[in-house]
Amino acid sequence: GIEMDSEVPAKKPLSELDADEMVGIDVGILKYAHDTSGTAVGSLDLSEERDRLEREQRKLSRKEYESNNWENHRQKIAECHLDIKRKRRDFLHKLSNYYAREYELVAVEDLGVKEMLESPRNSRNTASAAWNTFTSMLEHKCERDGTHFVEVAPEGTTKECADCGVETDKPLWVREHSCPACGFKADRDANAACNILSRGLTELGVVHSEGTPVETALPAETAVVPAKRVVET
């Protein structure tokens, strides 16, 4: 029969966590995810798969409706769709696995709330569906690996300075956070990830000394990991 190995590992006590055992993840638009340890994961490049899909769709439009040829092409198109879906899920599985195994505490934004904040006409709706898949996979895997998982309110994570808390509005194309109040500079998404981690710690009741998440968690260099590498590892 199936062996029931469902012993959930005990979570490490919050008071014993070091800064490098916790991570805040900002799920972005340009990059898929940016975290407080200086890793940015690029979005999954499915352009080849999409091109193939478009080619098959063009071929289908030239076939006689419901002929054998038409039916064959319709199946090819269904396969293309499936291939894209499978690669995307695979990517999200591997990425959520990585975070759940690598860290003792993972903080993310509550994307259900975030979705309501974004305007419905926004193209991010498809993205947010994928984010929700990602966060639910992540939550499940953290549970499995005995990792603390916390979701925080998304309001203002981008605007707020992770160092001093002053809010400044930034249009989307401004990719750097530069605080007019304290002069703290960081990548926009890295700043947001820091705020997400701080909020997560506050929510879990972890007393963290002022400024620590930023100082310890923000490496000067961000390493951008292509999504392809995530999927292949």
# chains A, B, ... in the order shown; residues from 1 in each chain; ligands from 1
>>> closest_atom_pairs(of="range 24-73 of chain A", to="range 184-194 of chain A", cutoff="10 Å", atoms="only C-alpha atoms", output="JSON lines")
{"residue": "A:Gly24", "atom": "CA", "partner": "A:Ala193", "partner_atom": "CA", "distance": 5.0}
{"residue": "A:Ile25", "atom": "CA", "partner": "A:Ala193", "partner_atom": "CA", "distance": 5.1}
{"residue": "A:Asp26", "atom": "CA", "partner": "A:Ala193", "partner_atom": "CA", "distance": 4.7}
{"residue": "A:Val27", "atom": "CA", "partner": "A:Asp189", "partner_atom": "CA", "distance": 8.2}
{"residue": "A:Gly28", "atom": "CA", "partner": "A:Asp189", "partner_atom": "CA", "distance": 7.1}
{"residue": "A:Ile29", "atom": "CA", "partner": "A:Asp189", "partner_atom": "CA", "distance": 9.7}
{"residue": "A:Leu30", "atom": "CA", "partner": "A:Asp189", "partner_atom": "CA", "distance": 9.8}
{"residue": "A:Lys31", "atom": "CA", "partner": "A:Asp189", "partner_atom": "CA", "distance": 9.0}
{"residue": "A:Ala33", "atom": "CA", "partner": "A:Asp189", "partner_atom": "CA", "distance": 8.4}
{"residue": "A:His34", "atom": "CA", "partner": "A:Asp189", "partner_atom": "CA", "distance": 6.0}
{"residue": "A:Asp35", "atom": "CA", "partner": "A:Ala193", "partner_atom": "CA", "distance": 5.6}
{"residue": "A:Thr36", "atom": "CA", "partner": "A:Ala193", "partner_atom": "CA", "distance": 5.6}
{"residue": "A:Ser37", "atom": "CA", "partner": "A:Ala190", "partner_atom": "CA", "distance": 8.8}
{"residue": "A:Gly38", "atom": "CA", "partner": "A:Ala190", "partner_atom": "CA", "distance": 7.4}
{"residue": "A:Thr39", "atom": "CA", "partner": "A:Ala190", "partner_atom": "CA", "distance": 9.0}
{"residue": "A:Ala40", "atom": "CA", "partner": "A:Ala190", "partner_atom": "CA", "distance": 8.6}
>>> residues_around(residues="Glu104 in chain A", least_positions_apart="2", cutoff="10 Å", atoms="only C-alpha atoms", output="list in words")
Lys11, Lys12, Pro13, Leu14, Leu17, Asp18, Ala19, Asp20, Glu21, Met22, Val23, Tyr99, Ala100, Arg101, Glu102, Val106, Cys142, Asp145, Gly146, Thr147, His148 and Phe149 of chain A
>>> closest_residue(among="A:Gln75, A:Arg52, A:Lys59, A:Phe134", to="Lys94 in chain A", atoms="only C-alpha atoms")
A:Phe134
>>> closest_residue(among="A:Pro180, A:Ile196, A:Ala130, A:Lys170", to="Pro154 in chain A", atoms="only C-alpha atoms")
A:Ile196
>>> closest_residue(among="A:Leu105, A:Val166, A:Val230, A:Leu82", to="Asp45 in chain A", atoms="only C-alpha atoms")
A:Val230
>>> select_by_dssp(residues="range 41-209 of chain A", states="helix (DSSP H, G or I)", output="ChimeraX atom specification")
/A:47-62,68-102,111-117,124-145,188-203
>>> residues_around(residues="Cys164 in chain A", least_positions_apart="2", cutoff="9 Å", atoms="only C-alpha atoms", output="PyMOL selection string")
chain A and resi 160-162+166+179+181-182+184+211
>>> write_last_selection(atoms="C-alpha atoms", output="short mmCIF file (atom, residue, chain, number, x, y, z; two decimals), in the first residue's frame")
data_model
loop_
_atom_site.label_atom_id
_atom_site.label_comp_id
_atom_site.auth_asym_id
_atom_site.auth_seq_id
_atom_site.Cartn_x
_atom_site.Cartn_y
_atom_site.Cartn_z
CA GLU A 160 7.14 52.96 1.29
CA CYS A 161 10.85 53.38 1.94
CA ALA A 162 12.13 50.15 3.51
CA VAL A 166 8.31 57.56 4.14
CA CYS A 179 14.02 58.06 -0.91
CA ALA A 181 13.62 61.73 3.00
CA CYS A 182 16.58 59.53 3.97
CA PHE A 184 18.10 55.21 0.76
CA GLY A 211 16.54 48.81 9.98
#
>>> closest_residue(among="A:Ala107, A:Leu60, A:Val41, A:Leu197", to="Leu95 in chain A", atoms="only C-alpha atoms")
A:Val41
>>> decode(residues="range 14-44 of chain A", atoms="N, CA and C atoms", output="PDB file, in the first residue's frame")
ATOM      1  N   LEU A  14      10.410  31.015  15.857  1.00  0.00           N
ATOM      2  CA  LEU A  14      10.668  32.319  15.235  1.00  0.00           C
ATOM      3  C   LEU A  14      11.823  33.066  15.900  1.00  0.00           C
ATOM      4  N   SER A  15      11.926  32.903  17.227  1.00  0.00           N
ATOM      5  CA  SER A  15      12.957  33.646  17.956  1.00  0.00           C
ATOM      6  C   SER A  15      14.374  33.192  17.584  1.00  0.00           C
ATOM      7  N   GLU A  16      14.456  32.002  16.963  1.00  0.00           N
ATOM      8  CA  GLU A  16      15.786  31.481  16.630  1.00  0.00           C
ATOM      9  C   GLU A  16      16.203  31.729  15.194  1.00  0.00           C
ATOM     10  N   LEU A  17      15.347  32.416  14.446  1.00  0.00           N
ATOM     11  CA  LEU A  17      15.667  32.615  13.037  1.00  0.00           C
ATOM     12  C   LEU A  17      16.712  33.708  12.824  1.00  0.00           C
ATOM     13  N   ASP A  18      17.669  33.428  11.948  1.00  0.00           N
ATOM     14  CA  ASP A  18      18.642  34.439  11.543  1.00  0.00           C
ATOM     15  C   ASP A  18      18.104  35.173  10.327  1.00  0.00           C
ATOM     16  N   ALA A  19      18.686  36.352  10.084  1.00  0.00           N
ATOM     17  CA  ALA A  19      18.247  37.151   8.940  1.00  0.00           C
ATOM     18  C   ALA A  19      18.363  36.391   7.614  1.00  0.00           C
ATOM     19  N   ASP A  20      19.396  35.566   7.488  1.00  0.00           N
ATOM     20  CA  ASP A  20      19.560  34.880   6.197  1.00  0.00           C
ATOM     21  C   ASP A  20      18.675  33.639   6.052  1.00  0.00           C
ATOM     22  N   GLU A  21      17.873  33.357   7.076  1.00  0.00           N
ATOM     23  CA  GLU A  21      16.947  32.217   6.971  1.00  0.00           C
ATOM     24  C   GLU A  21      15.550  32.672   6.586  1.00  0.00           C
ATOM     25  N   MET A  22      15.387  33.997   6.441  1.00  0.00           N
ATOM     26  CA  MET A  22      14.058  34.505   6.081  1.00  0.00           C
ATOM     27  C   MET A  22      14.134  35.284   4.777  1.00  0.00           C
ATOM     28  N   VAL A  23      13.023  35.264   4.057  1.00  0.00           N
ATOM     29  CA  VAL A  23      13.027  35.937   2.765  1.00  0.00           C
ATOM     30  C   VAL A  23      11.678  36.602   2.514  1.00  0.00           C
ATOM     31  N   GLY A  24      11.726  37.782   1.907  1.00  0.00           N
ATOM     32  CA  GLY A  24      10.506  38.457   1.458  1.00  0.00           C
ATOM     33  C   GLY A  24      10.529  38.405  -0.056  1.00  0.00           C
ATOM     34  N   ILE A  25       9.401  38.069  -0.670  1.00  0.00           N
ATOM     35  CA  ILE A  25       9.361  37.956  -2.137  1.00  0.00           C
ATOM     36  C   ILE A  25       8.351  38.935  -2.709  1.00  0.00           C
ATOM     37  N   ASP A  26       8.822  39.756  -3.643  1.00  0.00           N
ATOM     38  CA  ASP A  26       7.914  40.654  -4.359  1.00  0.00           C
ATOM     39  C   ASP A  26       7.685  40.036  -5.725  1.00  0.00           C
ATOM     40  N   VAL A  27       6.431  39.743  -6.039  1.00  0.00           N
ATOM     41  CA  VAL A  27       6.133  39.176  -7.347  1.00  0.00           C
ATOM     42  C   VAL A  27       5.875  40.340  -8.281  1.00  0.00           C
ATOM     43  N   GLY A  28       6.704  40.446  -9.307  1.00  0.00           N
ATOM     44  CA  GLY A  28       6.649  41.663 -10.127  1.00  0.00           C
ATOM     45  C   GLY A  28       6.046  41.490 -11.490  1.00  0.00           C
ATOM     46  N   ILE A  29       6.227  42.533 -12.312  1.00  0.00           N
ATOM     47  CA  ILE A  29       5.695  42.495 -13.668  1.00  0.00           C
ATOM     48  C   ILE A  29       6.839  42.215 -14.639  1.00  0.00           C
ATOM     49  N   LEU A  30       7.912  42.997 -14.503  1.00  0.00           N
ATOM     50  CA  LEU A  30       9.024  42.843 -15.435  1.00  0.00           C
ATOM     51  C   LEU A  30       9.819  41.585 -15.129  1.00  0.00           C
ATOM     52  N   LYS A  31      10.043  41.371 -13.855  1.00  0.00           N
ATOM     53  CA  LYS A  31      10.732  40.143 -13.456  1.00  0.00           C
ATOM     54  C   LYS A  31       9.670  39.330 -12.747  1.00  0.00           C
ATOM     55  N   TYR A  32       9.811  38.017 -12.736  1.00  0.00           N
ATOM     56  CA  TYR A  32       8.757  37.245 -12.096  1.00  0.00           C
ATOM     57  C   TYR A  32       8.741  37.472 -10.596  1.00  0.00           C
ATOM     58  N   ALA A  33       9.928  37.409  -9.985  1.00  0.00           N
ATOM     59  CA  ALA A  33       9.981  37.577  -8.540  1.00  0.00           C
ATOM     60  C   ALA A  33      11.302  38.212  -8.160  1.00  0.00           C
ATOM     61  N   HIS A  34      11.269  39.008  -7.113  1.00  0.00           N
ATOM     62  CA  HIS A  34      12.476  39.660  -6.626  1.00  0.00           C
ATOM     63  C   HIS A  34      12.481  39.442  -5.120  1.00  0.00           C
ATOM     64  N   ASP A  35      13.593  38.935  -4.584  1.00  0.00           N
ATOM     65  CA  ASP A  35      13.549  38.681  -3.155  1.00  0.00           C
ATOM     66  C   ASP A  35      14.606  39.459  -2.379  1.00  0.00           C
ATOM     67  N   THR A  36      14.509  39.382  -1.075  1.00  0.00           N
ATOM     68  CA  THR A  36      15.387  40.177  -0.217  1.00  0.00           C
ATOM     69  C   THR A  36      16.811  39.640  -0.159  1.00  0.00           C
ATOM     70  N   SER A  37      17.051  38.451  -0.741  1.00  0.00           N
ATOM     71  CA  SER A  37      18.429  37.970  -0.695  1.00  0.00           C
ATOM     72  C   SER A  37      19.168  38.337  -1.972  1.00  0.00           C
ATOM     73  N   GLY A  38      18.529  39.206  -2.772  1.00  0.00           N
ATOM     74  CA  GLY A  38      19.216  39.692  -3.965  1.00  0.00           C
ATOM     75  C   GLY A  38      19.071  38.797  -5.171  1.00  0.00           C
ATOM     76  N   THR A  39      18.054  37.952  -5.162  1.00  0.00           N
ATOM     77  CA  THR A  39      17.805  37.129  -6.348  1.00  0.00           C
ATOM     78  C   THR A  39      16.566  37.667  -7.050  1.00  0.00           C
ATOM     79  N   ALA A  40      16.704  37.893  -8.340  1.00  0.00           N
ATOM     80  CA  ALA A  40      15.538  38.262  -9.136  1.00  0.00           C
ATOM     81  C   ALA A  40      15.369  37.155 -10.157  1.00  0.00           C
ATOM     82  N   VAL A  41      14.168  36.633 -10.259  1.00  0.00           N
ATOM     83  CA  VAL A  41      13.924  35.557 -11.213  1.00  0.00           C
ATOM     84  C   VAL A  41      13.200  36.139 -12.403  1.00  0.00           C
ATOM     85  N   GLY A  42      13.773  35.962 -13.568  1.00  0.00           N
ATOM     86  CA  GLY A  42      13.154  36.499 -14.778  1.00  0.00           C
ATOM     87  C   GLY A  42      11.842  35.801 -15.075  1.00  0.00           C
ATOM     88  N   SER A  43      11.005  36.441 -15.885  1.00  0.00           N
ATOM     89  CA  SER A  43       9.758  35.783 -16.275  1.00  0.00           C
ATOM     90  C   SER A  43      10.076  34.643 -17.228  1.00  0.00           C
ATOM     91  N   LEU A  44       9.202  33.679 -17.246  1.00  0.00           N
ATOM     92  CA  LEU A  44       9.402  32.514 -18.092  1.00  0.00           C
ATOM     93  C   LEU A  44       9.236  32.919 -19.548  1.00  0.00           C
TER      94      LEU A  44
END
